[in-house]
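The structure appears right after this line, and notes come after that.
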Amino acid sequence: MTAPFDFDALERHLVAGCLEAIAIFAKQAPKGDPATIFAIDSNPYYGEFLPSFDTRSRTLAFIRGAQKQALASRDWLEMKEKDAWAASYDGARACAVPMFNNEVGDFSHHMIHECPYDALDAFARSPGYSKLNARAKPAAKKLGRTGNDYDGYIEGHTRAVLARVCDKLVDDGAFAKLELACPFGVGYAYHSEKVTICRVIIGSR
């Protein structure tokens, strides 16, 4: 049975595009300001893939701002209301300070390269896609997911593709010639989501 879409071809396309992005960044990278994270800003439903880098100076600025905001939003620590302890989980999670810049749109080198994949965009709008994607909501419900917070057929398959791309880039030493902070994160972000870190490079390999 022929697969509805060739996600292996997408993976090859993204690896090649990311290698081009790394080469571009190598020429633009500021001296003494090592890269902290590489992430592919992605909107797979439209075939949009935008490799991006962040540097230590921008990451630190983001973290300082996030920590300031978190410290100003810690009313939950006061436990003033009856049964306030029941909301501690939500309060603590909301005030957690990230170690990376998890907003890819704020990266120092956002969209350093573009890797559009028109075949994926066309597939999303093909006559048979709605029928293929109809299993998304029931499958999510079976897993206990509620509301609209679940992946469609394209998004779910592409997450696996992006994770494999991250693996290949790290395993093949694609970042070896760059000045990297320790740790250095490699991942992706879907439109409106925070960055998902798939791999971390810690010091020399």
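Lettering and numbering for the structure tokens are positional, with chains as A, B, ... in the shown order, residues counted from 1 in each chain, and ligands counted from 1 in the shown order.
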
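Near Tyr190 in chain A, within 6 Å and counting only C-alpha atoms, sit Ser42, Asn43 and Glu193 of chain A, not including residues fewer than 3 positions from it in the same chain.
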
Residues of range 19-184 of chain A in helix (DSSP H, G or I) according to DSSP, as a ChimeraX atom specification?
/A:19-28,44-46,56-71,75-78,84-94,104-106,118-124,129-133,136-142,153-171

Give me the residues near range 163-180 of chain A as a PyMOL selection string, where near means some atom within 6 Å (using only C-alpha atoms) and where sequence neighbours in that chain fewer than 5 positions away do not count.
chain A and resi 15+34-35

9 Å contact set for Val186 in chain A, only C-alpha atoms, chain neighbours under 2 positions out, as an NGL selection string
:A and (36-40 or 166-167 or 169-170 or 184 or 188 or 196-201)

Prev. selection, C-alpha atoms, output as an mmCIF file, in the first residue's frame:
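The new file result_34.cif reads:
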```
data_model
loop_
_atom_site.group_PDB
_atom_site.id
_atom_site.type_symbol
_atom_site.label_atom_id
_atom_site.label_comp_id
_atom_site.auth_asym_id
_atom_site.auth_seq_id
_atom_site.Cartn_x
_atom_site.Cartn_y
_atom_site.Cartn_z
ATOM 1 C CA THR A 36 22.792 28.707 22.503
ATOM 2 C CA ILE A 37 20.065 27.074 20.465
ATOM 3 C CA PHE A 38 19.099 26.019 16.951
ATOM 4 C CA ALA A 39 15.404 25.521 16.250
ATOM 5 C CA ILE A 40 13.293 25.016 13.145
ATOM 6 C CA CYS A 166 17.639 17.110 14.904
ATOM 7 C CA ASP A 167 19.162 13.684 15.600
ATOM 8 C CA LEU A 169 22.327 17.106 12.554
ATOM 9 C CA VAL A 170 23.747 16.353 16.002
ATOM 10 C CA PHE A 184 23.531 24.011 23.219
ATOM 11 C CA TYR A 188 11.868 22.879 16.687
ATOM 12 C CA THR A 196 10.724 21.671 21.904
ATOM 13 C CA ILE A 197 14.351 20.694 22.604
ATOM 14 C CA CYS A 198 15.112 17.315 20.996
ATOM 15 C CA ARG A 199 18.864 17.107 21.606
ATOM 16 C CA VAL A 200 21.438 18.880 23.775
ATOM 17 C CA ILE A 201 25.145 19.181 22.994
#
```

Can you work out which one of A:Phe53, A:Phe62, A:Tyr89, A:Phe123 has the shortest atom-to-atom distance to Ala23 in chain A, counting only C-alpha atoms?
A:Phe53

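The coordinates place CA of Ala21 in chain A at 29.5 Å from CA of Tyr150 in chain A.
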
Would you pick out the contacts of Arg64 in chain A at 12 Å or less, using only C-alpha atoms, so that residues sharing its chain but fewer than 3 positions from it are not included, and give the list as a list in words?
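Contacts, in chain order: Ser57, Arg58, Thr59, Leu60, Ala61, Gln67, Lys68, Gln69, Ala70, Leu71, Val97, Pro98, Met99, Phe100 and Asn101 of chain A.
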
With C-alpha atoms retained, could you export that selection as a compact mmCIF listing (two decimals), in the first residue's frame?
```
# COMPACT_ATOMS: atom_id res chain seq x y z
CA SER A 57 23.50 37.60 24.61
CA ARG A 58 19.90 37.33 23.38
CA THR A 59 19.24 34.23 25.48
CA LEU A 60 20.46 35.97 28.65
CA ALA A 61 18.32 39.02 27.91
CA GLN A 67 12.76 35.90 35.62
CA LYS A 68 11.69 39.48 36.35
CA GLN A 69 8.19 38.69 35.12
CA ALA A 70 8.08 35.44 37.14
CA LEU A 71 9.15 37.18 40.36
CA VAL A 97 11.96 30.43 34.57
CA PRO A 98 13.24 28.90 31.30
CA MET A 99 16.93 28.12 30.79
CA PHE A 100 16.68 28.75 27.04
CA ASN A 101 14.86 31.36 25.03
```

Residues of range 24-107 of chain A in strand (DSSP E) according to DSSP, as a list in words?
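Result set for range 24-107 of chain A (strand (DSSP E)): Ala35, Thr36, Ile37, Phe38, Ala39, Ile40, Asp41, Ser42, Asn43, Glu48, Phe49, Leu50, Pro51, Ser52, Phe53, Asp54 and Thr55 of chain A.
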
Once you have the residues from the selection above, write them out as a short mmCIF file (atom, residue, chain, number, x, y, z; two decimals), in the first residue's frame, restricted to C-alpha atoms.
```cif
data_model
loop_
_atom_site.label_atom_id
_atom_site.label_comp_id
_atom_site.auth_asym_id
_atom_site.auth_seq_id
_atom_site.Cartn_x
_atom_site.Cartn_y
_atom_site.Cartn_z
CA ALA A 35 25.06 30.07 19.78
CA THR A 36 22.79 28.71 22.50
CA ILE A 37 20.07 27.07 20.46
CA PHE A 38 19.10 26.02 16.95
CA ALA A 39 15.40 25.52 16.25
CA ILE A 40 13.29 25.02 13.15
CA ASP A 41 10.33 27.39 13.31
CA SER A 42 7.64 25.30 11.64
CA ASN A 43 4.13 25.58 10.30
CA GLU A 48 6.81 26.41 6.16
CA PHE A 49 10.14 25.61 7.83
CA LEU A 50 12.45 28.36 9.07
CA PRO A 51 15.79 27.34 10.66
CA SER A 52 16.75 29.84 13.36
CA PHE A 53 19.59 30.45 15.82
CA ASP A 54 19.81 32.25 19.13
CA THR A 55 22.98 33.55 20.75
#
```

Per residue of range 151-205 of chain A within 7 Å of range 124-138 of chain A, which atom pair is closest and at what distance in Å (one decimal), using only C-alpha atoms, listed by chain and increasing number, as CSV?
```
residue,atom,partner,partner_atom,distance
A:Asp151,CA,A:Ala136,CA,6.9
A:Gly152,CA,A:Ala136,CA,5.3
A:Tyr153,CA,A:Asn133,CA,5.3
```

Which residues come within 10 Å of Ala92 in chain A, counting only C-alpha atoms, excluding same-chain residues fewer than 3 positions away, as a count of residues only?
11

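The space between CA of Ala29 in chain A and CA of His109 in chain A spans 9.0 Å.
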
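A straight line drawn from CA of Cys18 in chain A to CA of Gly65 in chain A is 29.3 Å long.
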